[in-house]
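Right, one structure below, let's go through it.
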Amino acid sequence: MTAKLYYEDLYDREFDAEVLSQEEHDGKYHVILNRTLFYPSGGGQPCDLGSIDGIDVLDVHEEGKDIVHVLASRLEGVNVHGILDWERRFELMQQHFGEHLLAGCLWNLHQIHTDRMRIEGENVSIDTDKPIALDAILEAEAEANRAIWADIPVEVIYPSMDEIRERARKLPPEDAELPIRIVKAEGVDYVPCCGLHVSSTGQVGLVKVTSVENHKGGSRIYLRCGKAAYRWLDSVYRELRKAEAELVCGYDGINEKIAILKGQIHDLKAQNDATMERFLKPIAENLVAGAEALGGYKLVRHVMQAGQDDVKRMFRLLTANNREVIAVLAGENSDGVFLTFGTHKENKGVDVRGAFRKAMEILEGRGGGSPVCAQGWGKKSDVMESALASAVLELKNNVK
Ligand SMILES: [Zn+2]
């Protein structure tokens, strides 16, 4: 049985202990000590790391009443000295109690239950039992930060079951027995927890929600606490600075600038549409005038040096108001070959899909559509002429 020194003083960083057992597993050494400051992984809080007699501790976990330290190599002595990676431990305490602060405020303000706290690297996440609006989460975040500025002592207590049932935001299981470890910050949170926490709310430093997503009928909230929150804000600020420089404005003008740019793009697109329409219209008319007969239709076969937008535009010009035309169109550009085959949408007797498939097979492309309009991309290739010839042959065999 390992004595849990980490519950005695949350701020101790070094300790002496005796090795009770040491076993090799796959080149690593599983060590049980009579006492330890290393917190094992559990309850969403990752384990402590550090070293024992200078040997790296790779993992710490609980096995029954023992705490197993996984070490990179064998310990020589029986009496050993352990040192925590304090930076890591302190950040984990900030993250864990930061989560308590937000969860406590969500409960106090909105009666929202949270569950499944996980600390994963820089991120802490919690799940709520019902969906919650971002504004309500941010209100709880503001309250959590006010609790940080108030620097309220964080206490660990072992109260009566009656008190726990009356005050805790989360109840212990029906069959739970005393003593139950309660982590409390007066006026903010009161909850059963086995994790390690800073000794006052101020040490959390900052709680910042970074994203929210829907999750199993509730919400999953991601937050950053303490130093991780600072690092996140620092990286956001650096990205914002780049955007400010690109857009030549302050961060509070970025959305306005984006709206202006979007308007300009919209206007340019409309101008481009009108120009292309004027440019392509006489070409479309010439194509129809010179088209060969195909059954009762006119076959327009045409290859453009253009992308899909202009191929589609040409297709509309040829077929939207002309029930006579069957179009076999291809556009070539650096993206590849874009094909559009089809006819007026009410020409029930025409099905271009067989011809389209023939062409796509030769072009090793992908696409599809309806009997009156099939579209897709093929690889840019010198077999396009034979692909179109094969498609036209197929149409000639089928269209009466
Ligand atoms: Zn906890």
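Chains: A, B, ... in order of the structure tokens. Residues: from 1 per chain. Ligands: from 1, in order shown.
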Next on the checklist: Please identify all protein, DNA and RNA residues within 12 Å of ligand 1, counting only C-alpha atoms and all ligand atoms, and report them as a PyMOL selection string.
Outcome noted: chain A and resi 42-46+92-104+114-119+124+126+156+169-170+181-184+189-198
Determine, counting only C-alpha atoms, which protein, DNA and RNA residues have an atom within 12 Å of an atom of A:Asp26; residues of the same chain fewer than 3 positions away are not included. Present the result as an mmCIF file with N, CA and C atoms, in the first residue's frame.
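Output file selection-v1.cif is given in full below:
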```cif
data_model
loop_
_atom_site.group_PDB
_atom_site.id
_atom_site.type_symbol
_atom_site.label_atom_id
_atom_site.label_comp_id
_atom_site.auth_asym_id
_atom_site.auth_seq_id
_atom_site.Cartn_x
_atom_site.Cartn_y
_atom_site.Cartn_z
ATOM 1 N N GLU A 23 9.516 -4.315 -10.807
ATOM 2 C CA GLU A 23 9.408 -5.401 -11.796
ATOM 3 C C GLU A 23 9.636 -4.857 -13.188
ATOM 4 N N TYR A 29 10.417 -0.275 -15.967
ATOM 5 C CA TYR A 29 10.407 -0.796 -14.601
ATOM 6 C C TYR A 29 9.203 -0.265 -13.833
ATOM 7 N N HIS A 30 8.405 -1.190 -13.324
ATOM 8 C CA HIS A 30 7.210 -0.832 -12.559
ATOM 9 C C HIS A 30 7.572 -0.853 -11.076
ATOM 10 N N VAL A 70 6.000 3.966 -13.483
ATOM 11 C CA VAL A 70 6.686 3.302 -14.592
ATOM 12 C C VAL A 70 7.941 4.111 -14.910
ATOM 13 N N LEU A 71 9.091 3.457 -14.759
ATOM 14 C CA LEU A 71 10.370 4.167 -14.909
ATOM 15 C C LEU A 71 11.116 3.701 -16.153
ATOM 16 N N ALA A 72 11.930 4.594 -16.691
ATOM 17 C CA ALA A 72 12.679 4.296 -17.918
ATOM 18 C C ALA A 72 13.771 3.258 -17.673
ATOM 19 N N SER A 73 14.343 3.226 -16.452
ATOM 20 C CA SER A 73 15.362 2.198 -16.171
ATOM 21 C C SER A 73 15.310 1.810 -14.693
#
```
Next on the checklist: Residues near stretch 138-149 of chain A, anyone? I mean within 7 Å using only C-alpha atoms, not counting same-chain ones fewer than 2 positions away, as a list in words.
Outcome noted: Leu101, Leu102, Cys105, Leu106, Leu109, Leu134, Asp135, Ala136, Asp151, Ile152, Thr201, Gly202, Val204, Gly205, Leu206, Val207 and Lys208 of chain A
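You will find atom CA of A:Gln305 at 10.6 Å from atom CA of A:Gly336.
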Next on the checklist: Would you compute the distance between atom CA of A:Leu339 and atom CA of A:His266? Give it in Å to one decimal.
Outcome noted: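 These two atoms are separated by 26.3 Å.
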Next on the checklist: With only C-alpha atoms as the counted atoms, please give the residues lying no more than 7 Å from A:Gly378, apart from itself and same-chain residues fewer than 6 positions off, as a PyMOL selection string.
Outcome noted: chain A and resi 336-338+360+363-366
Written file, previous selection with N, CA and C atoms, as a PDB file, in the first residue's frame:
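Contents of part-v1.pdb, freshly written:
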```pdb
ATOM      1  N   GLY A 336      -7.786  20.384 -65.105  1.00  0.00           N
ATOM      2  CA  GLY A 336      -8.144  19.156 -65.808  1.00  0.00           C
ATOM      3  C   GLY A 336      -9.187  19.463 -66.868  1.00  0.00           C
ATOM      4  N   VAL A 337     -10.029  18.458 -67.158  1.00  0.00           N
ATOM      5  CA  VAL A 337     -11.054  18.611 -68.182  1.00  0.00           C
ATOM      6  C   VAL A 337     -12.418  18.546 -67.504  1.00  0.00           C
ATOM      7  N   PHE A 338     -13.262  19.542 -67.768  1.00  0.00           N
ATOM      8  CA  PHE A 338     -14.614  19.521 -67.192  1.00  0.00           C
ATOM      9  C   PHE A 338     -15.616  19.298 -68.321  1.00  0.00           C
ATOM     10  N   MET A 360     -16.204   9.572 -69.940  1.00  0.00           N
ATOM     11  CA  MET A 360     -15.529   9.538 -68.632  1.00  0.00           C
ATOM     12  C   MET A 360     -14.616   8.333 -68.486  1.00  0.00           C
ATOM     13  N   LEU A 363     -11.516   9.258 -70.206  1.00  0.00           N
ATOM     14  CA  LEU A 363     -10.792  10.335 -69.506  1.00  0.00           C
ATOM     15  C   LEU A 363     -10.442   9.972 -68.058  1.00  0.00           C
ATOM     16  N   GLU A 364     -10.820   8.751 -67.661  1.00  0.00           N
ATOM     17  CA  GLU A 364     -10.606   8.295 -66.269  1.00  0.00           C
ATOM     18  C   GLU A 364     -11.134   9.321 -65.280  1.00  0.00           C
ATOM     19  N   GLY A 365     -12.362   9.764 -65.566  1.00  0.00           N
ATOM     20  CA  GLY A 365     -12.920  10.829 -64.721  1.00  0.00           C
ATOM     21  C   GLY A 365     -14.069  10.361 -63.861  1.00  0.00           C
ATOM     22  N   ARG A 366     -14.634  11.302 -63.145  1.00  0.00           N
ATOM     23  CA  ARG A 366     -15.765  11.001 -62.262  1.00  0.00           C
ATOM     24  C   ARG A 366     -16.836  12.078 -62.405  1.00  0.00           C
TER      25      ARG A 366
END
```
Checklist entry - Near A:Asp16, within 10 Å and counting only C-alpha atoms, which residues show up once chain neighbours fewer than 6 positions away are dropped, as an MDAnalysis selection string? => result chainID A and resid 33:37 52:53 79:83
Next on the checklist: So that I can check the secondary structure, give me every residue of stretch 34-273 of chain A assigned strand (DSSP E or B) by backbone DSSP, as a ChimeraX atom specification.
Outcome noted: /A:35-36,42,45,50-52,55-63,66-71,79-84,114-120,123-128,153-157,182-185,189-192,200,207-215,218-225
Next on the checklist: I need the residue nearest A:Leu240 from this list: A:Glu8, A:Asp175, A:Asp252, A:Asp309. Use only C-alpha atoms for the distance.
Outcome noted: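 Under the stated criterion, the closest residue is A:Asp252.
In terms of minimum interatomic distance to A:Ala150, A:Val188 ranks closest within A:Ala176, A:Ala284, A:Val188, A:Val399, counting only C-alpha atoms.
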Item to check | 12 Å contact set for A:Phe356, only C-alpha atoms, chain neighbours under 6 positions out, as a ChimeraX atom specification | outcome: /A:327-330,338-342,362-378,387-395
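Of note, atom CA of A:Arg89 and atom CA of A:Glu14 are spaced 12.3 Å apart.
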Next on the checklist: Counting only C-alpha atoms, which residue out of A:Leu178, A:Ile132, A:Val311, A:Leu49 sits closest to A:Asn214?
Outcome noted: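 Closest to A:Asn214 of all the choices is A:Ile132.
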Would you please extract all helix (DSSP H, G or I) residues from stretch 137-221 of chain A, as assigned by DSSP on the backbone, and give them as a compact mmCIF listing (two decimals) with N, CA and C atoms, in the first residue's frame?
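Writing done, so here's selection-v4.txt:
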```
# COMPACT_ATOMS: atom_id res chain seq x y z
N ILE A 137 -22.86 30.28 -21.52
CA ILE A 137 -21.54 29.75 -21.15
C ILE A 137 -20.59 30.90 -20.84
N LEU A 138 -20.65 31.95 -21.66
CA LEU A 138 -19.74 33.08 -21.45
C LEU A 138 -20.09 33.86 -20.18
N GLU A 139 -21.36 33.83 -19.83
CA GLU A 139 -21.78 34.45 -18.56
C GLU A 139 -21.14 33.68 -17.40
N ALA A 140 -21.16 32.34 -17.50
CA ALA A 140 -20.53 31.51 -16.46
C ALA A 140 -19.01 31.72 -16.45
N GLU A 141 -18.43 31.87 -17.63
CA GLU A 141 -16.99 32.13 -17.73
C GLU A 141 -16.63 33.44 -17.02
N ALA A 142 -17.44 34.48 -17.24
CA ALA A 142 -17.18 35.77 -16.59
C ALA A 142 -17.27 35.62 -15.07
N GLU A 143 -18.25 34.86 -14.62
CA GLU A 143 -18.43 34.62 -13.18
C GLU A 143 -17.23 33.85 -12.61
N ALA A 144 -16.75 32.86 -13.38
CA ALA A 144 -15.58 32.08 -12.95
C ALA A 144 -14.36 32.99 -12.80
N ASN A 145 -14.20 33.93 -13.72
CA ASN A 145 -13.05 34.85 -13.63
C ASN A 145 -13.20 35.83 -12.47
N ARG A 146 -14.45 36.23 -12.18
CA ARG A 146 -14.65 37.08 -11.00
C ARG A 146 -14.25 36.32 -9.73
N ALA A 147 -14.56 35.02 -9.70
CA ALA A 147 -14.17 34.20 -8.54
C ALA A 147 -12.64 34.11 -8.43
N ILE A 148 -11.96 34.11 -9.59
CA ILE A 148 -10.49 34.10 -9.59
C ILE A 148 -9.97 35.39 -8.96
N TRP A 149 -10.53 36.54 -9.36
CA TRP A 149 -10.05 37.82 -8.83
C TRP A 149 -10.35 37.94 -7.33
N MET A 161 -22.75 13.28 5.45
CA MET A 161 -23.53 12.95 4.25
C MET A 161 -24.68 13.95 4.06
N ASP A 162 -25.28 14.38 5.18
CA ASP A 162 -26.39 15.33 5.08
C ASP A 162 -25.93 16.63 4.43
N GLU A 163 -24.76 17.11 4.91
CA GLU A 163 -24.25 18.36 4.33
C GLU A 163 -23.95 18.20 2.84
N ILE A 164 -23.35 17.05 2.52
CA ILE A 164 -23.02 16.81 1.11
C ILE A 164 -24.30 16.80 0.27
N ARG A 165 -25.32 16.08 0.75
CA ARG A 165 -26.56 15.99 -0.03
C ARG A 165 -27.21 17.36 -0.18
N GLU A 166 -27.00 18.21 0.79
CA GLU A 166 -27.62 19.54 0.73
C GLU A 166 -26.84 20.49 -0.19
N ARG A 167 -25.52 20.38 -0.18
CA ARG A 167 -24.73 21.44 -0.83
C ARG A 167 -24.06 21.08 -2.15
N THR A 201 -8.48 30.31 -5.47
CA THR A 201 -8.99 30.48 -6.84
C THR A 201 -8.09 31.38 -7.68
N GLY A 202 -7.44 32.36 -7.04
CA GLY A 202 -6.61 33.30 -7.78
C GLY A 202 -5.50 32.63 -8.56
N GLN A 203 -5.03 31.48 -8.05
CA GLN A 203 -3.91 30.81 -8.72
C GLN A 203 -4.29 30.17 -10.06
N VAL A 204 -5.60 30.06 -10.31
CA VAL A 204 -6.01 29.57 -11.63
C VAL A 204 -5.62 30.59 -12.70
```
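Minimum atom-to-atom distance to A:Ala293, evaluated using only C-alpha atoms, belongs to A:Ile326 out of A:Leu233, A:Ala270, A:Ile326, A:Leu84.
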Next on the checklist: List as a PyMOL selection string the protein and nucleic acid residues near A:Arg323, meaning an atom at most 10 Å away when only C-alpha atoms are counted, but skip any in the same chain fewer than 6 places from it.
Outcome noted: chain A and resi 297-298+343-347
Produce a file of the selected residues containing N, CA and C atoms, as a PDB file, in the first residue's frame.
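This went into part04.pdb:
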```
ATOM      1  N   TYR A 297     -32.686  16.759 -83.477  1.00  0.00           N
ATOM      2  CA  TYR A 297     -31.984  17.775 -82.676  1.00  0.00           C
ATOM      3  C   TYR A 297     -30.782  18.341 -83.414  1.00  0.00           C
ATOM      4  N   LYS A 298     -30.159  19.330 -82.777  1.00  0.00           N
ATOM      5  CA  LYS A 298     -28.896  19.863 -83.295  1.00  0.00           C
ATOM      6  C   LYS A 298     -27.804  19.535 -82.274  1.00  0.00           C
ATOM      7  N   THR A 343     -29.156  18.665 -72.481  1.00  0.00           N
ATOM      8  CA  THR A 343     -30.116  19.285 -73.374  1.00  0.00           C
ATOM      9  C   THR A 343     -31.106  20.087 -72.542  1.00  0.00           C
ATOM     10  N   HIS A 344     -32.105  20.680 -73.165  1.00  0.00           N
ATOM     11  CA  HIS A 344     -33.145  21.415 -72.427  1.00  0.00           C
ATOM     12  C   HIS A 344     -33.791  20.489 -71.403  1.00  0.00           C
ATOM     13  N   LYS A 345     -34.100  21.037 -70.244  1.00  0.00           N
ATOM     14  CA  LYS A 345     -34.514  20.162 -69.130  1.00  0.00           C
ATOM     15  C   LYS A 345     -35.845  19.445 -69.374  1.00  0.00           C
ATOM     16  N   GLU A 346     -36.608  19.896 -70.355  1.00  0.00           N
ATOM     17  CA  GLU A 346     -37.883  19.206 -70.610  1.00  0.00           C
ATOM     18  C   GLU A 346     -37.831  18.252 -71.800  1.00  0.00           C
ATOM     19  N   ASN A 347     -36.633  18.005 -72.329  1.00  0.00           N
ATOM     20  CA  ASN A 347     -36.512  17.045 -73.440  1.00  0.00           C
ATOM     21  C   ASN A 347     -36.507  15.620 -72.895  1.00  0.00           C
TER      22      ASN A 347
END
```
